[in-house]
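Okay, structure first, notes after.
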Amino acid sequence: MTPYLEIGGDYRQVLPGVHLVELPLPFSLGLVNVYLIRLSEGYMLVDCGMDTTACQEAMARAVEGIGCGWSGIRQVLVTHMHPDHAGLAYKVLEWSGAQLLMSAEEADLLAALAGAQGRIQPEHDLLVDGGVAPDMIANIEFAFAGIRKTMRSLTPDRRMAGGETIPAAAGTLEVLLLRGHSRGHLCLYGAERRVLFSGDQILQHITPNIGWQPDHDALGEFLASLDRLEALEIDLILPSHGAPFSGHREWIRETRRHHAERCAQIEAALAAEPKTAHELVGDLWNRKLSPFHHRFAVFEVMAHLEYLQQRERLGSRREDGALHWRLI
């Protein structure tokens, strides 16, 4: 395994020419990792953290401590549009004058969400379809309205489609477009160092949230992305949350098992009678969830229901305004 080089503080070198920078988050994940990668000239920053004062201060300390300065950041690659990855990007781009690299899918989705006023209709309709009560929907939308205020539209200088290469001091990096956690999630793979900058597609101790996405089989796409990653030779995974680790094939096996078990739990819960996604959340989670987490749970269940429906294992019928799911 490639050695993990501890330096200390809010940033540390994990490979020659690659620094991991920990940025604080105002919710349960605690931290997001961003990476400064030395190029032949200057640095590439992978992700930017959230648009908070704490993130700005931690990023500024790292930039100064590493010695690259804001002007030394020549490229910013945003793995996906979630606010803990893209939120601070507009300021970093302003301070550095860097080029922005991002997938078209993520840039378009961010533009739609950042410019939205009031409810996001597809998400609202999904909660209604899921059988969530109107008062809970109102609480969910209130909880997420504050997060949406931190989202700003970004215009990429380069729209990445996967397959592009980026020369770096630690070896050439290939851009991988891997759907599932989001529509156009980007990872970076370095074959020479056998390293994967995994974003949220692979995380050490938790499985990435795979939630329903309009016109996408999100879980099917995520599992297909794991097939691609399993074929790669990887000694070091540099994730967006948690510590660097190894053993990607074992992680992939365990993650596939987790989703197979979740599908089996859903089918078992539907054996006696049809149920809504909201009712299935009550079967699968043995605790009361906050509106914030209940939204994620409903979307995760709906992604699994969509996956099972695509494979003709489930069907649905609309009753009382919600979708009731049943075994075929």
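Letters for chains follow the order of the structure tokens (A, B, ...), residue numbers begin at 1 for each chain, and ligand numbers begin at 1 in the order shown.
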Report as a VMD selection string all protein, DNA and RNA residues lying within 10 Å of Ala260 of chain A, evaluated on only C-alpha atoms, omitting residues in the same chain fewer than 6 positions from it. chain A and resid 254 266 304
Just write the chosen residues, C-alpha atoms, as a short mmCIF file (atom, residue, chain, number, x, y, z; two decimals), in the first residue's frame.
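Saved as part.cif:
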data_model
loop_
_atom_site.label_atom_id
_atom_site.label_comp_id
_atom_site.auth_asym_id
_atom_site.auth_seq_id
_atom_site.Cartn_x
_atom_site.Cartn_y
_atom_site.Cartn_z
CA GLU A 254 -19.77 -5.26 1.04
CA ILE A 266 -38.17 -4.00 1.02
CA HIS A 304 -34.44 1.03 -4.46
#
Just the residues within 12 Å of His124 of chain A, please, counting only C-alpha atoms, with nothing from its chain fewer than 3 positions along; format it as a ChimeraX atom specification. /A:118-121,127-134,136-142,144,214,295,298-299
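Counting only C-alpha atoms and comparing A:Val76, A:Leu284, A:Val63, A:Cys187, the residue that lies closest to Ala268 of chain A is A:Leu284.
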Residue nearest Thr172 of chain A among A:Val92, A:Ala107, A:Leu229, A:Ile37 (counting only C-alpha atoms):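 Of A:Val92, A:Ala107, A:Leu229, A:Ile37, the one nearest Thr172 of chain A is A:Ile37, counting only C-alpha atoms.
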I need the residues in segment 229-261 of chain A that are alpha helix (DSSP H) according to DSSP; give them as a ChimeraX atom specification. /A:229-230,248-261
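One finds atom CA of Met81 of chain A at 13.5 Å from atom CA of Lys149 of chain A.
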Can you list every residue of segment 1-116 of chain A that has an atom at most 9 Å from segment 199-203 of chain A, with its nearest atom pair and the distance in Å to one decimal, using only C-alpha atoms, ordered by chain then number, as a tab-separated table?
residue	atom	partner	partner_atom	distance
A:Asn33	CA	A:Gly199	CA	8.6
A:Val34	CA	A:Gly199	CA	8.9
A:Val46	CA	A:Gly199	CA	8.8
A:Asp47	CA	A:Gly199	CA	8.5
A:Thr79	CA	A:Gly199	CA	6.2
A:His80	CA	A:Gly199	CA	8.2
A:His85	CA	A:Gly199	CA	8.9
As a list in words, please: the residues near Gly97 of chain A (cut-off 9 Å, only C-alpha atoms, same-chain neighbours under 3 positions excluded).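 Selected residues are Trp70, Ser71, Ile73, Arg74, Gln75, Val92, Leu93 and Glu94 of chain A.
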For Phe197 of chain A, work out the shell of residues within 8 Å, counting only C-alpha atoms and skipping chain neighbours fewer than 5 positions away, then give it as number ranges by chain. A: 187-189, 237-239
Those same residues, written as a compact mmCIF listing (two decimals), in the first residue's frame with N, CA and C atoms?
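Resulting contents of out19.txt:
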# COMPACT_ATOMS: atom_id res chain seq x y z
N CYS A 187 -14.59 11.33 -10.58
CA CYS A 187 -13.48 10.82 -9.77
C CYS A 187 -12.20 10.99 -10.59
N LEU A 188 -11.06 10.90 -9.92
CA LEU A 188 -9.76 10.93 -10.59
C LEU A 188 -9.01 9.65 -10.26
N TYR A 189 -8.45 9.03 -11.30
CA TYR A 189 -7.70 7.78 -11.11
C TYR A 189 -6.29 7.96 -11.64
N ILE A 237 -7.27 4.87 -1.65
CA ILE A 237 -8.50 5.61 -1.94
C ILE A 237 -8.47 6.88 -1.11
N LEU A 238 -8.64 8.02 -1.78
CA LEU A 238 -8.68 9.32 -1.12
C LEU A 238 -10.12 9.83 -1.22
N PRO A 239 -10.92 9.62 -0.16
CA PRO A 239 -12.35 9.95 -0.22
C PRO A 239 -12.64 11.38 0.22
Would you pick out the contacts of Gly242 of chain A at 10 Å or less, using only C-alpha atoms, so that residues sharing its chain but fewer than 2 positions from it are not included, and give the list as a list of chain:residue names? A:Glu22, A:Leu29, A:Gly30, A:Leu31, A:Val32, A:Asn33, A:Leu203, A:Gln204, A:His205, A:Ile206, A:Leu238, A:Pro239, A:Ser240, A:Pro244, A:Phe245
